[in-house]
>>> print(open('structure30.cif').read())   # mmCIF, C-alpha atoms (C1' of nucleotides)
data_target
#
loop_
_atom_site.label_atom_id
_atom_site.label_comp_id
_atom_site.auth_asym_id
_atom_site.auth_seq_id
_atom_site.Cartn_x
_atom_site.Cartn_y
_atom_site.Cartn_z
CA MET A 1 -24.03 -9.05 39.60
CA LYS A 2 -25.42 -6.90 36.88
CA ALA A 3 -22.53 -4.51 37.20
CA ARG A 4 -20.01 -7.31 36.86
CA LYS A 5 -21.65 -8.58 33.75
CA ALA A 6 -21.42 -5.18 32.11
CA ASP A 7 -17.83 -5.07 33.15
CA VAL A 8 -17.09 -8.34 31.41
CA LEU A 9 -18.78 -7.16 28.24
CA GLN A 10 -16.64 -4.07 28.37
CA ARG A 11 -13.51 -6.16 28.65
CA LEU A 12 -14.62 -8.35 25.78
CA ALA A 13 -15.19 -5.31 23.64
CA GLU A 14 -11.68 -4.15 24.39
CA VAL A 15 -10.18 -7.44 23.34
CA GLU A 16 -12.29 -7.35 20.20
CA ASP A 17 -10.95 -3.91 19.43
CA GLU A 18 -7.42 -5.07 19.89
CA PHE A 19 -8.06 -8.01 17.60
CA VAL A 20 -9.68 -5.84 14.96
CA GLY A 21 -6.71 -3.52 15.07
CA LEU A 22 -4.38 -6.44 14.65
CA TRP A 23 -6.33 -7.70 11.71
CA ARG A 24 -6.22 -4.26 10.18
CA THR A 25 -2.45 -4.12 10.35
CA MET A 26 -2.25 -7.58 8.84
CA SER A 27 -4.19 -6.46 5.82
CA SER A 28 -1.20 -5.84 3.60
CA LEU A 29 0.02 -9.32 4.33
CA TRP A 30 -3.21 -10.78 3.01
CA GLY A 31 -3.41 -8.34 0.15
CA ILE A 32 -6.70 -6.76 1.16
CA SER A 33 -7.51 -3.22 2.19
CA PRO A 34 -7.34 -2.19 5.84
CA THR A 35 -11.04 -1.57 6.28
CA MET A 36 -11.90 -4.83 4.60
CA ALA A 37 -9.63 -6.60 7.04
CA GLN A 38 -11.07 -4.71 9.97
CA ILE A 39 -14.61 -5.70 9.14
CA HIS A 40 -13.62 -9.26 8.59
CA GLY A 41 -11.75 -9.28 11.89
CA LEU A 42 -14.83 -8.10 13.72
CA LEU A 43 -17.04 -10.72 12.12
CA TYR A 44 -14.50 -13.43 12.75
CA ILE A 45 -13.84 -12.77 16.40
CA THR A 46 -17.44 -12.22 17.40
CA GLY A 47 -18.70 -15.09 15.32
CA ALA A 48 -21.89 -13.09 14.98
CA ALA A 49 -24.06 -12.34 11.97
CA MET A 50 -24.12 -8.55 11.95
CA SER A 51 -25.99 -5.94 9.97
CA MET A 52 -24.35 -3.03 8.22
CA ASP A 53 -25.59 -0.66 10.90
CA GLU A 54 -24.08 -2.68 13.68
CA ILE A 55 -20.75 -2.78 11.89
CA MET A 56 -20.78 0.95 11.16
CA GLU A 57 -21.57 1.67 14.74
CA ARG A 58 -19.06 -0.73 16.19
CA LEU A 59 -16.15 0.34 14.01
CA GLY A 60 -17.08 3.94 13.42
CA ILE A 61 -16.89 3.85 9.66
CA SER A 62 -19.29 5.17 7.09
CA ARG A 63 -22.11 3.31 5.46
CA GLY A 64 -20.68 3.47 1.97
CA ASN A 65 -17.37 2.19 3.14
CA VAL A 66 -18.93 -0.73 4.96
CA SER A 67 -21.09 -1.53 1.97
CA MET A 68 -18.21 -1.61 -0.49
CA ASN A 69 -15.96 -3.65 1.69
CA LEU A 70 -18.64 -6.11 2.68
CA SER A 71 -19.38 -6.83 -0.92
CA LYS A 72 -15.71 -7.40 -1.58
CA LEU A 73 -15.55 -9.78 1.35
CA VAL A 74 -18.53 -11.68 0.02
CA GLU A 75 -16.96 -11.74 -3.43
CA TRP A 76 -13.74 -13.17 -1.98
CA GLY A 77 -15.80 -15.76 -0.16
CA LEU A 78 -14.57 -14.85 3.31
CA VAL A 79 -17.95 -13.61 4.45
CA GLN A 80 -21.43 -14.86 3.74
CA ARG A 81 -24.70 -13.04 3.44
CA VAL A 82 -27.29 -14.29 5.87
CA HIS A 83 -30.98 -13.55 5.83
CA LYS A 84 -33.02 -13.36 8.97
CA LYS A 85 -36.65 -13.92 8.28
CA GLY A 86 -38.90 -11.06 9.12
CA ASP A 87 -35.97 -8.69 8.74
CA ARG A 88 -35.38 -6.75 5.62
CA ARG A 89 -31.73 -6.09 6.30
CA ASP A 90 -28.84 -8.24 5.19
CA TYR A 91 -26.67 -9.80 7.82
CA TYR A 92 -23.10 -10.90 7.36
CA ARG A 93 -21.11 -13.66 8.97
CA SER A 94 -17.49 -14.70 8.60
CA LEU A 95 -16.24 -18.15 7.81
CA SER A 96 -14.99 -19.79 10.97
CA ASP A 97 -12.38 -22.24 9.70
CA VAL A 98 -8.93 -20.69 9.69
CA TRP A 99 -7.52 -23.11 7.15
CA GLU A 100 -10.35 -22.42 4.81
CA MET A 101 -9.92 -18.68 5.11
CA PHE A 102 -6.23 -18.96 4.47
CA THR A 103 -6.79 -21.14 1.44
CA ILE A 104 -9.25 -18.69 -0.01
CA VAL A 105 -6.99 -15.72 0.44
CA ALA A 106 -4.00 -17.50 -0.99
CA ALA A 107 -5.94 -18.77 -3.98
CA GLN A 108 -7.30 -15.31 -4.68
CA ARG A 109 -3.87 -13.75 -4.51
CA LYS A 110 -2.50 -16.38 -6.79
CA ARG A 111 -5.17 -15.82 -9.35
CA ARG A 112 -5.14 -12.05 -9.18
CA GLU A 113 -1.45 -11.41 -8.80
CA ILE A 114 0.73 -14.38 -9.68
CA ASP A 115 -1.01 -15.52 -12.82
CA PRO A 116 -0.66 -12.19 -14.62
CA ILE A 117 2.98 -12.06 -13.60
CA LEU A 118 3.64 -15.42 -15.21
CA THR A 119 2.05 -14.23 -18.41
CA THR A 120 4.26 -11.18 -18.58
CA LEU A 121 7.37 -13.15 -17.74
CA ARG A 122 6.68 -15.58 -20.54
CA ARG A 123 6.41 -12.67 -22.92
CA CYS A 124 9.75 -11.35 -21.74
CA LYS A 125 11.31 -14.72 -22.30
CA GLU A 126 9.79 -14.87 -25.74
CA GLU A 127 11.26 -11.53 -26.66
CA LEU A 128 14.72 -12.67 -25.66
CA SER A 129 14.54 -15.84 -27.68
CA PRO A 130 16.55 -16.57 -30.86
CA GLU A 131 13.34 -16.38 -32.88
CA LYS A 132 12.93 -12.75 -32.00
CA LEU A 133 16.51 -11.62 -31.66
CA GLY A 134 18.22 -13.71 -34.30
CA ALA A 135 21.95 -14.24 -33.99
CA ALA A 136 22.22 -11.59 -31.30
CA ALA A 137 20.41 -13.88 -28.87
CA ALA A 138 23.55 -15.94 -28.59
CA GLU A 139 25.67 -13.02 -27.53
CA GLU A 140 26.39 -11.98 -24.01
CA PRO A 141 23.97 -9.30 -23.00
CA ALA A 142 21.00 -11.13 -24.43
CA ARG A 143 22.03 -14.53 -23.12
CA GLN A 144 22.50 -13.15 -19.66
CA ARG A 145 19.06 -11.60 -19.58
CA PHE A 146 17.42 -14.61 -21.06
CA GLU A 147 18.88 -16.81 -18.40
CA ARG A 148 17.80 -14.54 -15.58
CA VAL A 149 14.26 -14.32 -16.84
CA ASN A 150 14.22 -18.03 -17.32
CA ASN A 151 15.45 -18.82 -13.83
CA LEU A 152 12.79 -16.66 -12.38
CA LEU A 153 10.15 -18.17 -14.56
CA SER A 154 11.12 -21.69 -13.58
CA PHE A 155 11.03 -20.81 -9.94
CA LEU A 156 7.65 -19.13 -10.07
CA THR A 157 6.17 -21.84 -12.26
CA MET A 158 7.23 -24.45 -9.75
CA MET A 159 5.85 -22.51 -6.80
CA ASP A 160 2.72 -21.82 -8.72
CA SER A 161 1.99 -25.40 -9.55
CA LEU A 162 2.61 -26.44 -5.98
CA ALA A 163 0.21 -23.80 -4.81
CA GLN A 164 -2.24 -24.91 -7.44
CA ARG A 165 -2.26 -28.40 -6.01
CA PHE A 166 -2.32 -27.61 -2.35
CA LEU A 167 -4.77 -24.78 -2.44
CA GLU A 168 -7.40 -26.80 -4.19
CA SER A 169 -8.92 -27.51 -0.83
CA HIS A 170 -7.95 -26.75 2.71
CA ARG A 171 -7.85 -30.46 3.34
CA ARG A 172 -4.96 -30.84 0.95
CA LEU A 173 -3.19 -27.91 2.48
CA ARG A 174 -3.50 -29.48 5.89
CA ASP A 175 -2.07 -32.72 4.51
CA ALA A 176 0.87 -30.93 2.98
CA VAL A 177 1.63 -29.10 6.19
CA GLU A 178 1.54 -32.38 8.04
CA ILE A 179 4.07 -33.91 5.70
CA LEU A 180 6.37 -30.99 6.18
CA ALA A 181 5.95 -30.97 9.92
CA GLN A 182 7.06 -34.61 10.11
CA GLU A 183 10.27 -34.11 8.19
CA SER A 184 12.69 -33.26 10.92
CA MET K 1 26.08 -4.27 -38.98
CA LYS K 2 26.56 -1.41 -36.55
CA ALA K 3 23.00 -0.34 -37.04
CA ARG K 4 21.77 -3.84 -36.29
CA LYS K 5 23.73 -3.94 -33.09
CA ALA K 6 22.19 -0.69 -31.90
CA ASP K 7 18.85 -2.14 -32.81
CA VAL K 8 19.41 -5.15 -30.63
CA LEU K 9 20.44 -3.00 -27.69
CA GLN K 10 17.29 -1.02 -28.17
CA ARG K 11 15.22 -4.19 -28.05
CA LEU K 12 17.03 -5.36 -24.97
CA ALA K 13 16.34 -2.07 -23.25
CA GLU K 14 12.66 -2.48 -24.04
CA VAL K 15 12.53 -5.92 -22.51
CA GLU K 16 14.36 -4.61 -19.47
CA ASP K 17 11.79 -1.88 -19.10
CA GLU K 18 9.00 -4.38 -19.30
CA PHE K 19 10.67 -6.50 -16.69
CA VAL K 20 11.28 -3.56 -14.39
CA GLY K 21 7.65 -2.59 -14.71
CA LEU K 22 6.60 -6.11 -13.85
CA TRP K 23 8.84 -6.13 -10.84
CA ARG K 24 7.38 -2.84 -9.75
CA THR K 25 3.85 -4.15 -9.83
CA MET K 26 4.95 -7.21 -7.89
CA SER K 27 6.26 -5.06 -5.10
CA SER K 28 3.21 -5.36 -2.88
CA LEU K 29 3.41 -9.11 -3.12
CA TRP K 30 6.92 -9.02 -1.72
CA GLY K 31 6.11 -6.34 0.79
CA ILE K 32 8.56 -3.78 -0.50
CA SER K 33 8.00 -0.35 -1.98
CA PRO K 34 7.50 0.04 -5.74
CA THR K 35 10.67 2.01 -6.35
CA MET K 36 12.71 -0.39 -4.30
CA ALA K 37 11.37 -3.22 -6.42
CA GLN K 38 12.01 -1.31 -9.61
CA ILE K 39 15.65 -0.73 -8.77
CA HIS K 40 16.09 -4.30 -7.74
CA GLY K 41 14.45 -5.45 -10.94
CA LEU K 42 16.87 -3.45 -13.02
CA LEU K 43 19.89 -4.79 -11.17
CA TYR K 44 18.59 -8.32 -11.37
CA ILE K 45 17.80 -8.45 -15.05
CA THR K 46 20.92 -6.69 -16.24
CA GLY K 47 23.15 -8.57 -13.84
CA ALA K 48 25.34 -5.49 -13.87
CA ALA K 49 26.98 -3.57 -11.07
CA MET K 50 25.59 -0.08 -11.54
CA SER K 51 26.30 3.28 -9.95
CA MET K 52 23.63 5.53 -8.53
CA ASP K 53 23.92 7.82 -11.52
CA GLU K 54 23.35 5.06 -13.98
CA ILE K 55 20.28 3.92 -12.08
CA MET K 56 18.86 7.44 -11.80
CA GLU K 57 19.38 7.93 -15.48
CA ARG K 58 17.98 4.59 -16.54
CA LEU K 59 14.84 4.74 -14.39
CA GLY K 60 14.33 8.48 -14.29
CA ILE K 61 14.14 8.83 -10.55
CA SER K 62 15.83 11.31 -8.27
CA ARG K 63 19.11 10.90 -6.50
CA GLY K 64 17.67 10.95 -3.01
CA ASN K 65 15.11 8.36 -3.89
CA VAL K 66 17.68 6.05 -5.39
CA SER K 67 19.95 6.50 -2.40
CA MET K 68 17.28 5.67 0.15
CA ASN K 69 16.01 2.66 -1.70
CA LEU K 70 19.43 1.28 -2.45
CA SER K 71 20.32 1.37 1.19
CA LYS K 72 17.13 -0.48 2.04
CA LEU K 73 17.96 -3.08 -0.57
CA VAL K 74 21.42 -3.51 0.89
CA GLU K 75 19.93 -3.73 4.36
CA TRP K 76 17.55 -6.46 3.22
CA GLY K 77 20.47 -8.26 1.67
CA LEU K 78 19.04 -8.36 -1.83
CA VAL K 79 21.70 -6.09 -3.24
CA GLN K 80 25.38 -5.81 -2.51
CA ARG K 81 27.74 -2.87 -2.56
CA VAL K 82 30.61 -3.40 -4.93
CA HIS K 83 33.78 -1.38 -5.14
CA LYS K 84 35.64 -0.85 -8.36
CA LYS K 85 39.20 0.08 -7.81
CA GLY K 86 40.22 3.44 -9.11
CA ASP K 87 36.61 4.57 -8.84
CA ARG K 88 35.34 6.46 -5.91
CA ARG K 89 31.72 5.70 -6.51
CA ASP K 90 29.80 2.80 -5.03
CA TYR K 91 28.37 0.25 -7.37
CA TYR K 92 25.47 -2.03 -6.64
CA ARG K 93 24.71 -5.53 -7.82
CA SER K 94 21.75 -7.80 -7.20
CA LEU K 95 21.92 -11.33 -5.92
CA SER K 96 21.46 -13.72 -8.80
CA ASP K 97 20.00 -16.78 -7.12
CA VAL K 98 16.22 -16.71 -7.22
CA TRP K 99 15.79 -19.12 -4.34
CA GLU K 100 18.07 -17.08 -2.19
CA MET K 101 16.23 -13.87 -2.97
CA PHE K 102 12.93 -15.47 -2.19
CA THR K 103 14.20 -16.83 1.09
CA ILE K 104 15.50 -13.45 2.14
CA VAL K 105 12.28 -11.68 1.35
CA ALA K 106 10.15 -14.28 3.07
CA ALA K 107 12.34 -14.28 6.15
CA GLN K 108 12.20 -10.51 6.37
CA ARG K 109 8.45 -10.46 6.07
CA LYS K 110 8.13 -13.10 8.70
CA ARG K 111 10.29 -11.20 11.11
CA ARG K 112 8.78 -7.80 10.45
CA GLU K 113 5.15 -8.74 10.08
CA ILE K 114 4.32 -12.17 11.41
CA ASP K 115 6.28 -12.11 14.63
CA PRO K 116 4.60 -8.99 16.01
CA ILE K 117 1.24 -10.46 15.08
CA LEU K 118 1.91 -13.55 17.12
CA THR K 119 2.82 -11.44 20.10
CA THR K 120 -0.41 -9.51 19.92
CA LEU K 121 -2.47 -12.63 19.43
CA ARG K 122 -0.96 -14.19 22.52
CA ARG K 123 -1.91 -11.14 24.48
CA CYS K 124 -5.48 -11.39 23.21
CA LYS K 125 -5.62 -15.00 24.25
CA GLU K 126 -4.25 -14.10 27.64
CA GLU K 127 -6.95 -11.50 28.16
CA LEU K 128 -9.67 -14.01 27.39
CA SER K 129 -8.32 -16.58 29.81
CA PRO K 130 -10.00 -17.60 33.08
CA GLU K 131 -7.17 -15.91 34.98
CA LYS K 132 -8.19 -12.56 33.61
CA LEU K 133 -11.91 -12.98 33.21
CA GLY K 134 -12.74 -15.22 36.13
CA ALA K 135 -15.97 -17.18 35.98
CA ALA K 136 -17.16 -15.22 32.97
CA ALA K 137 -14.54 -16.91 30.83
CA ALA K 138 -16.61 -20.08 30.92
CA GLU K 139 -19.68 -18.37 29.51
CA GLU K 140 -20.65 -18.14 25.91
CA PRO K 141 -19.43 -14.89 24.50
CA ALA K 142 -16.01 -15.21 26.09
CA ARG K 143 -15.59 -18.89 25.25
CA GLN K 144 -16.47 -18.25 21.67
CA ARG K 145 -13.90 -15.52 21.32
CA PHE K 146 -11.26 -17.44 23.15
CA GLU K 147 -11.67 -20.35 20.83
CA ARG K 148 -11.46 -18.24 17.71
CA VAL K 149 -8.34 -16.48 18.85
CA ASN K 150 -6.87 -19.77 19.82
CA ASN K 151 -7.59 -21.44 16.51
CA LEU K 152 -5.94 -18.62 14.71
CA LEU K 153 -2.98 -18.67 17.01
CA SER K 154 -2.47 -22.40 16.55
CA PHE K 155 -2.63 -22.03 12.82
CA LEU K 156 -0.18 -19.17 12.64
CA THR K 157 2.18 -20.76 15.11
CA MET K 158 2.32 -23.87 13.02
CA MET K 159 2.89 -21.96 9.79
CA ASP K 160 5.45 -19.84 11.50
CA SER K 161 7.51 -22.70 12.80
CA LEU K 162 7.45 -24.37 9.42
CA ALA K 163 8.63 -21.16 7.84
CA GLN K 164 11.26 -20.83 10.51
CA ARG K 165 12.69 -24.18 9.59
CA PHE K 166 12.55 -23.92 5.85
CA LEU K 167 13.68 -20.37 5.51
CA GLU K 168 16.85 -20.94 7.45
CA SER K 169 18.59 -21.50 4.16
CA HIS K 170 17.50 -21.64 0.56
CA ARG K 171 18.87 -25.15 0.45
CA ARG K 172 16.31 -26.32 2.95
CA LEU K 173 13.57 -24.55 1.10
CA ARG K 174 14.58 -26.28 -2.08
CA ASP K 175 14.49 -29.62 -0.29
CA ALA K 176 11.06 -28.96 1.10
CA VAL K 177 9.70 -28.01 -2.28
CA GLU K 178 11.13 -31.18 -3.73
CA ILE K 179 9.36 -33.28 -1.15
CA LEU K 180 6.10 -31.60 -1.93
CA ALA K 181 6.58 -31.89 -5.65
CA GLN K 182 7.03 -35.64 -5.35
CA GLU K 183 3.83 -36.28 -3.44
CA SER K 184 1.34 -36.80 -6.16
"C1'" DT Z 1 44.29 20.20 6.39
"C1'" DA Z 2 41.92 21.74 2.34
"C1'" DC Z 3 39.61 20.28 -1.59
"C1'" DA Z 4 36.78 17.52 -4.63
"C1'" DA Z 5 33.68 13.79 -5.38
"C1'" DT Z 6 29.88 11.19 -3.64
"C1'" DT Z 7 26.24 10.03 -0.69
"C1'" DT Z 8 22.73 10.93 2.73
"C1'" DT Z 9 19.29 13.58 4.90
"C1'" DC Z 10 15.22 16.28 5.23
"C1'" DA Z 11 11.74 19.81 4.38
"C1'" DT Z 12 8.63 20.46 0.82
"C1'" DA Z 13 5.78 19.10 -2.88
"C1'" DT Z 14 3.24 15.49 -5.29
"C1'" DC Z 15 0.69 11.65 -5.85
"C1'" DT Z 16 -2.19 7.90 -4.62
"C1'" DT Z 17 -5.21 5.63 -1.88
"C1'" DC Z 18 -8.99 5.54 1.04
"C1'" DC Z 19 -13.08 7.53 3.29
"C1'" DT Z 20 -17.18 10.21 3.63
"C1'" DA Z 21 -21.64 12.16 2.74
"C1'" DA Z 22 -25.18 12.65 -0.26
"C1'" DA Z 23 -27.82 11.13 -4.00
"C1'" DA Z 24 -29.50 7.44 -6.79
"C1'" DG Z 25 -31.11 2.86 -7.06
"C1'" DG Z 26 -33.87 -1.36 -5.63
"C1'" DA Z 27 -36.83 -4.15 -3.12
"C1'" DA Z 28 -40.45 -5.13 0.15
"C1'" DT Z 29 -44.89 -3.57 2.08
"C1'" DA Z 30 -49.34 -1.38 1.99
"C1'" DT M 1 -48.36 2.50 -7.49
"C1'" DA M 2 -46.64 5.01 -3.64
"C1'" DT M 3 -44.01 4.71 0.37
"C1'" DT M 4 -40.51 3.21 3.25
"C1'" DC M 5 -36.45 1.00 4.27
"C1'" DC M 6 -32.08 -0.43 2.99
"C1'" DT M 7 -27.99 -0.73 -0.18
"C1'" DT M 8 -24.92 0.86 -3.73
"C1'" DT M 9 -22.61 4.33 -6.33
"C1'" DT M 10 -20.03 8.43 -6.88
"C1'" DA M 11 -17.75 12.94 -6.61
"C1'" DG M 12 -14.92 15.28 -3.73
"C1'" DG M 13 -11.90 15.72 0.21
"C1'" DA M 14 -8.53 14.08 3.82
"C1'" DA M 15 -4.80 11.25 5.26
"C1'" DG M 16 -0.96 8.81 4.28
"C1'" DA M 17 2.75 7.38 1.43
"C1'" DT M 18 6.40 8.62 -1.88
"C1'" DA M 19 9.40 11.53 -4.58
"C1'" DT M 20 12.19 15.62 -5.22
"C1'" DG M 21 16.09 18.83 -4.86
"C1'" DA M 22 19.18 21.24 -2.37
"C1'" DA M 23 21.89 21.47 1.76
"C1'" DA M 24 24.66 18.84 4.97
"C1'" DA M 25 27.57 15.11 5.84
"C1'" DT M 26 30.91 11.82 4.60
"C1'" DT M 27 34.71 9.87 2.21
"C1'" DG M 28 38.73 9.79 -0.32
"C1'" DT M 29 42.84 12.49 -2.44
"C1'" DA M 30 46.55 15.74 -2.65
#
>>> encode(input="structure30.cif", output="structure tokens")
Amino acid sequence: MKARKADVLQRLAEVEDEFVGLWRTMSSLWGISPTMAQIHGLLYITGAAMSMDEIMERLGISRGNVSMNLSKLVEWGLVQRVHKKGDRRDYYRSLSDVWEMFTIVAAQRKRREIDPILTTLRRCKEELSPEKLGAAAAEEPARQRFERVNNLLSFLTMMDSLAQRFLESHRRLRDAVEILAQES
Amino acid sequence: MKARKADVLQRLAEVEDEFVGLWRTMSSLWGISPTMAQIHGLLYITGAAMSMDEIMERLGISRGNVSMNLSKLVEWGLVQRVHKKGDRRDYYRSLSDVWEMFTIVAAQRKRREIDPILTTLRRCKEELSPEKLGAAAAEEPARQRFERVNNLLSFLTMMDSLAQRFLESHRRLRDAVEILAQES
DNA sequence: TACAATTTTCATATCTTCCTAAAAGGAATA
DNA sequence: TATTCCTTTTAGGAAGATATGAAAATTGTA
């Protein structure tokens, strides 16, 4: 019986490894670094509150690396610091709600990547406007470029404001998805 | 008057550069390489059909690099080969419709990144099932993990099938966005 | 078929990103 | 305050990704 139990733990560990690997490869999709994803994957699948040493050990990565990436995860809000009384070490635990995690990641990406893009695009549009270019703005090459920048800007602005609304809370996201799922 | 015209072209070129730079930094968001994005950005903003030599010249990148990235862009469907009669060279032109470009990119990412993830996740779920783990599957550590994998799988499956539906054509995407925009 | 004009491929070089190990920094205990 | 335990920072190195240039392949023309 004892042997079988060890066997099961072994199997679990293998699945965990597979999951962590998967999470790692997904990292670019979420816009986070591979190690960051890996650590998060481990915390998510085990559901455990783990110390830095456990994580280092389990994933075979260095202390500094774990430290940096854990603090990023905490900063993003995907992982929380947990204190165990009588223990000096910090423990870390992942959020458990998938919708919430998704919302957080998407909101972060929006803020960090999309918002600056919109700013730059607006500047481009500005520079192609009649105010800046004078009469030349009405002529072909300038008009063409203005229109292309503008189309893009309209598109992104629309997407952005939708995201704004639906990423405010994971509840709202869920609602939106439900609406879409109904529409046949 | 001639001087002024040159001046305007100069200004246009500057805006183009800014735009190309922006596009380049956006590349990770779209899941394409920086140079690929850069080239696409140039073709999009100018709206022109350009030859490899023009692109090399304009962006200051090598022939091989341009060649490889152009063929990827064509493969993705973001850029089209154009023939000019009486000219042996190939010319390349970007799609102009923003919605269409977005749809293509999203569909590609889905196929190349999300689909393999779903496959792996299903395998993880499988390995945590009672069939594989026997009685142990009912006990805590396994149940916990099973549930987490399953939650994630449900979430991604739902997102995936939504994407499936709305990315079939940019028309449908537009419709979906309209529905969402209406919901206050 | 031979030639000329283009494009593609690929080995090499370059650059960037990420990771490690060690040292510095901080906080809890005695 | 000194000591110990734990975390963060950092300089340097390794791995991986990207770019280059020249040779090979392809395509069109005579």
>>> residues_around(input="structure30.cif", residues="stretch 3-14 of chain Z", least_positions_apart="2", cutoff="12 Å", atoms="all atoms listed in the file", output="PDB file with C-alpha atoms (C1' of nucleotides), in the frame of the given file")
ATOM      1  CA  SER K  51      26.300   3.280  -9.950  1.00  0.00           C
ATOM      2  CA  MET K  52      23.630   5.530  -8.530  1.00  0.00           C
ATOM      3  CA  ASP K  53      23.920   7.820 -11.520  1.00  0.00           C
ATOM      4  CA  ARG K  63      19.110  10.900  -6.500  1.00  0.00           C
ATOM      5  CA  GLY K  64      17.670  10.950  -3.010  1.00  0.00           C
ATOM      6  CA  ASN K  65      15.110   8.360  -3.890  1.00  0.00           C
ATOM      7  CA  VAL K  66      17.680   6.050  -5.390  1.00  0.00           C
ATOM      8  CA  SER K  67      19.950   6.500  -2.400  1.00  0.00           C
ATOM      9  CA  MET K  68      17.280   5.670   0.150  1.00  0.00           C
ATOM     10  CA  ASN K  69      16.010   2.660  -1.700  1.00  0.00           C
ATOM     11  CA  LEU K  70      19.430   1.280  -2.450  1.00  0.00           C
ATOM     12  CA  SER K  71      20.320   1.370   1.190  1.00  0.00           C
ATOM     13  CA  ASP K  87      36.610   4.570  -8.840  1.00  0.00           C
ATOM     14  CA  ARG K  88      35.340   6.460  -5.910  1.00  0.00           C
ATOM     15  CA  ARG K  89      31.720   5.700  -6.510  1.00  0.00           C
ATOM     16  CA  ASP K  90      29.800   2.800  -5.030  1.00  0.00           C
ATOM     17  CA  TYR K  91      28.370   0.250  -7.370  1.00  0.00           C
TER      18      TYR K  91
ATOM     19  C1'  DT Z   1      44.290  20.200   6.390  1.00  0.00           C
ATOM     20  C1'  DT Z  16      -2.190   7.900  -4.620  1.00  0.00           C
TER      21       DT Z  16
ATOM     22  C1'  DA M  17       2.750   7.380   1.430  1.00  0.00           C
ATOM     23  C1'  DT M  18       6.400   8.620  -1.880  1.00  0.00           C
ATOM     24  C1'  DA M  19       9.400  11.530  -4.580  1.00  0.00           C
ATOM     25  C1'  DT M  20      12.190  15.620  -5.220  1.00  0.00           C
ATOM     26  C1'  DG M  21      16.090  18.830  -4.860  1.00  0.00           C
ATOM     27  C1'  DA M  22      19.180  21.240  -2.370  1.00  0.00           C
ATOM     28  C1'  DA M  23      21.890  21.470   1.760  1.00  0.00           C
ATOM     29  C1'  DA M  24      24.660  18.840   4.970  1.00  0.00           C
ATOM     30  C1'  DA M  25      27.570  15.110   5.840  1.00  0.00           C
ATOM     31  C1'  DT M  26      30.910  11.820   4.600  1.00  0.00           C
ATOM     32  C1'  DT M  27      34.710   9.870   2.210  1.00  0.00           C
ATOM     33  C1'  DG M  28      38.730   9.790  -0.320  1.00  0.00           C
ATOM     34  C1'  DT M  29      42.840  12.490  -2.440  1.00  0.00           C
ATOM     35  C1'  DA M  30      46.550  15.740  -2.650  1.00  0.00           C
TER      36       DA M  30
END
>>> interface_residues(input="structure30.cif", of="chain Z", to="chain A", cutoff="8 Å", atoms="all atoms listed in the file", output="PyMOL selection string")
chain Z and resi 19-20+28
>>> resolve_selection(input="structure30.cif", expression="the PyMOL selection byres ((chain A) within 9 of (chain K))", output="ChimeraX atom specification")
/A:5,8-9,11-12,15-16,18-19,22-23,25-26,28-29,31,44-47,96-99,109,113-114,117,120-121,124-125,127-128,133,136-137,141-142,144-146,148-149,151-152,155,158-159,161-162,176-177,179-181,183
>>> atom_distance(input="structure30.cif", atom1="atom CA of K:Asp17", atom2="atom CA of A:Gln108")
27.4 Å
>>> atom_distance(input="structure30.cif", atom1="atom CA of A:Ala49", atom2="atom CA of A:Arg93")
4.4 Å
>>> closest_atom_pairs(input="structure30.cif", of="chain M", to="chain A", cutoff="10 Å", atoms="only C-alpha atoms (C1' of nucleotides)", output="JSON lines")
{"residue": "M:DC5", "atom": "C1'", "partner": "A:Arg88", "partner_atom": "CA", "distance": 7.9}
{"residue": "M:DC6", "atom": "C1'", "partner": "A:Arg89", "partner_atom": "CA", "distance": 6.6}
{"residue": "M:DT7", "atom": "C1'", "partner": "A:Ser67", "partner_atom": "CA", "distance": 7.3}
{"residue": "M:DT8", "atom": "C1'", "partner": "A:Ser67", "partner_atom": "CA", "distance": 7.3}
{"residue": "M:DT9", "atom": "C1'", "partner": "A:Gly64", "partner_atom": "CA", "distance": 8.6}
>>> residues_around(input="structure30.cif", residues="Z:DT29", least_positions_apart="6", cutoff="12 Å", atoms="all atoms listed in the file", output="PyMOL selection string")
(chain A and resi 86+88) or (chain M and resi 1-5)
>>> atom_distance(input="structure30.cif", atom1="atom CA of A:Val74", atom2="atom CA of A:Leu173")
22.5 Å
>>> axis_aligned_box(input="structure30.cif", around="stretch 133-150 of chain K", padding_each_side="4 Å", output="JSON")
{"center_x": -13.8, "center_y": -16.7, "center_z": 26.9, "size_x": 21.8, "size_y": 15.4, "size_z": 26.4}
>>> closest_residue(input="structure30.cif", among="Z:DA2, Z:DC15, Z:DA23, Z:DA30", to="M:DG16", atoms="only C-alpha atoms (C1' of nucleotides)")
Z:DC15
>>> residues_near_point(input="structure30.cif", point="(-13.5, 18.5, -2.9)", cutoff="12 Å", atoms="all atoms listed in the file", output="mmCIF file with C-alpha atoms (C1' of nucleotides), keeping the file's coordinate frame")
data_model
loop_
_atom_site.group_PDB
_atom_site.id
_atom_site.type_symbol
_atom_site.label_atom_id
_atom_site.label_comp_id
_atom_site.auth_asym_id
_atom_site.auth_seq_id
_atom_site.Cartn_x
_atom_site.Cartn_y
_atom_site.Cartn_z
ATOM 1 C "C1'" DT Z 20 -17.180 10.210 3.630
ATOM 2 C "C1'" DA Z 21 -21.640 12.160 2.740
ATOM 3 C "C1'" DA M 11 -17.750 12.940 -6.610
ATOM 4 C "C1'" DG M 12 -14.920 15.280 -3.730
ATOM 5 C "C1'" DG M 13 -11.900 15.720 0.210
ATOM 6 C "C1'" DA M 14 -8.530 14.080 3.820
#
